[in-house]
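Undergrad: My structure is below; once you've seen it, I'll send some questions.
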Amino acid sequence: MMDLKHFEKEMQVKGWVIFPALFDKTFVARMLADMDKAYENCRRIQVKNGVDKETEGTLHHLVGQGDTFMEYIDKLEPLMPYMESYFQGKFILNSFGGNINAPRRKSYASNIHRDIRSFSGDMPLLLNTLFMLDDFTKDNGATWMLSGSHKKGEKPTEDYFWKNGEQAIGSAGSVLMFNSNVWHAAGENVTDKVRRSVTPMFCKPFMKQGFDYPRAVGYKEGEKLPEHVRQILGYNARVPATLDEWYQPPEKRMYRPGRLCAA
Ligand SMILES: O=C(O)CCC(=O)C(=O)O
């Protein structure tokens, strides 16, 4: 595992790091099978709701659409010290999407973008943990990253980005972790095979999640989950809707003490 000090330095200077070959081939193959099914599921709804053009090749909110997505959350336990160091405290899941970077096809992820709409400067609001499900190579469009760009509010010009960006090359099973202020873009795939990834993103616990994961998985179902998975899915950062839910001792509260600051 990477030295924590090295991680902190890289995140400070470049804004991104790669954890090489973190997950084994069997887990990757199982997730790819889940991803195929999940894409069919997402695609059906994308088409039904008339948003299929802009969403082609992308998947969203994968927790609950295949066992491996929840397992990924569970398997993050060894990475939690790094992530907690980045957030200076606890964090929760904000979104869990995926991208199928098909040969010579572009999606919105191919545009130069960052994952957070408002530049958050030194405040660590959001973190992407892109999980490579195929080898990420120069030719199949490994993500382009502009190192150090998490320190600047303004968008780089296309010219500057493509001249100074570098590709996040890694083998399947690796995780590219990056500050969501970093400007980046999926590269063009000039091979004849797809290049797939999932992109679970995490945020500070006081932020609104992109999907209500505790409600989607179920409050009762959540009682069976390990504590770190409950924490990450947001079970400890829910909003009470009745006085009965609100008047509870600290250990039973839906919004647990310590979620607003390091705890
Ligand atoms: O698939 C990629 O290379 C990039 C994904 C991406 O842009 C994102 O997760 O924000």
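Residues are referred to by chain and number: the chain letter is A, B, ... according to the order shown in the structure tokens, the number counts from 1 in that chain, and ligands are numbered separately from 1 in the order shown.
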Show me, as a ChimeraX atom specification, the residues that have an atom within 6 Å of stretch 107-115 of chain A when counting only C-alpha atoms, minus same-chain residues fewer than 2 positions from it.
TA: /A:180-186
Undergrad: Give me, as a tab-separated table, the closest atom pair and its distance (Å, one decimal) for every residue of stretch 67-111 of chain A within a cut-off of 8 Å of stretch 226-229 of chain A, counting only C-alpha atoms, rows sorted by chain and rising number.
TA:
residue	atom	partner	partner_atom	distance
A:Ile73	CA	A:Val229	CA	6.3
A:Asp74	CA	A:Val229	CA	5.7
A:Glu77	CA	A:His228	CA	7.2
Undergrad: For the residues in the current selection, export C-alpha atoms as a PDB file, in the first residue's frame.
TA:
ATOM      1  CA  ILE A  73     -17.806  -0.081  -1.084  1.00  0.00           C
ATOM      2  CA  ASP A  74     -16.981  -2.835   1.411  1.00  0.00           C
ATOM      3  CA  GLU A  77     -11.922  -0.273   3.948  1.00  0.00           C
TER       4      GLU A  77
END
Undergrad: Find the distance between atom CA of A:His150 and atom CA of A:Phe87 and write it in Å to one decimal.
TA: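 Between these atoms lies a distance of 14.7 Å.
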Undergrad: Measure the distance from atom CA of A:Gly15 to atom CA of A:Leu93 in Å and round it to one decimal.
TA: 19.5 Å
Undergrad: So that I can see what lies close to A:Gly187, please list as a list in words the residues with an atom at most 6 Å from it, counting only C-alpha atoms and leaving out residues fewer than 2 positions away in the same chain.
TA: Gly141, Ala142 and Thr143 of chain A
Undergrad: What is the atom CA of A:Tyr235 to atom CA of A:Thr199 distance in Å?
TA: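 Taking atom CA of A:Tyr235 and atom CA of A:Thr199, their separation equals 20.6 Å.
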Undergrad: Quick one: DSSP alpha helix (DSSP H) residues in stretch 83-229 of chain A, as a PyMOL selection string?
TA: chain A and resi 83-87+158-164+213-217+219-222+227-229
Undergrad: For A:Lys193, which residue out of A:Asn140, A:Ser85, A:Ser118, A:Ser147 is the nearest one, using only C-alpha atoms?
TA: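 Closest residue, counting only C-alpha atoms: A:Asn140.
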Undergrad: Smallest atom-to-atom distance to ligand 1: which of A:Ile116, A:Ala172, A:Cys203, A:Met2, using only C-alpha atoms and all ligand atoms?
TA: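 Going through A:Ile116, A:Ala172, A:Cys203, A:Met2 one by one, the smallest distance to ligand 1 is for A:Ile116.
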Undergrad: Go through A:Lys155, A:Arg256, A:Lys75, A:His60 and flag the residue nearest ligand 1, using only C-alpha atoms and all ligand atoms for the distances.
TA: A:His60
Undergrad: Using only C-alpha atoms, which of the listed residues (A:Glu71, A:Glu8, A:Glu56, A:Asp36) sits closest to A:Met83?
TA: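 When distances to A:Met83 are compared using only C-alpha atoms, the smallest one comes from A:Glu8.
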Undergrad: Kindly indicate which residue among A:Arg105, A:Arg43, A:Arg230, A:Lys252 lies nearest to ligand 1, using only C-alpha atoms and all ligand atoms for the distances.
TA: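 Looking only at the distances to ligand 1, the closest residue turns out to be A:Arg105.
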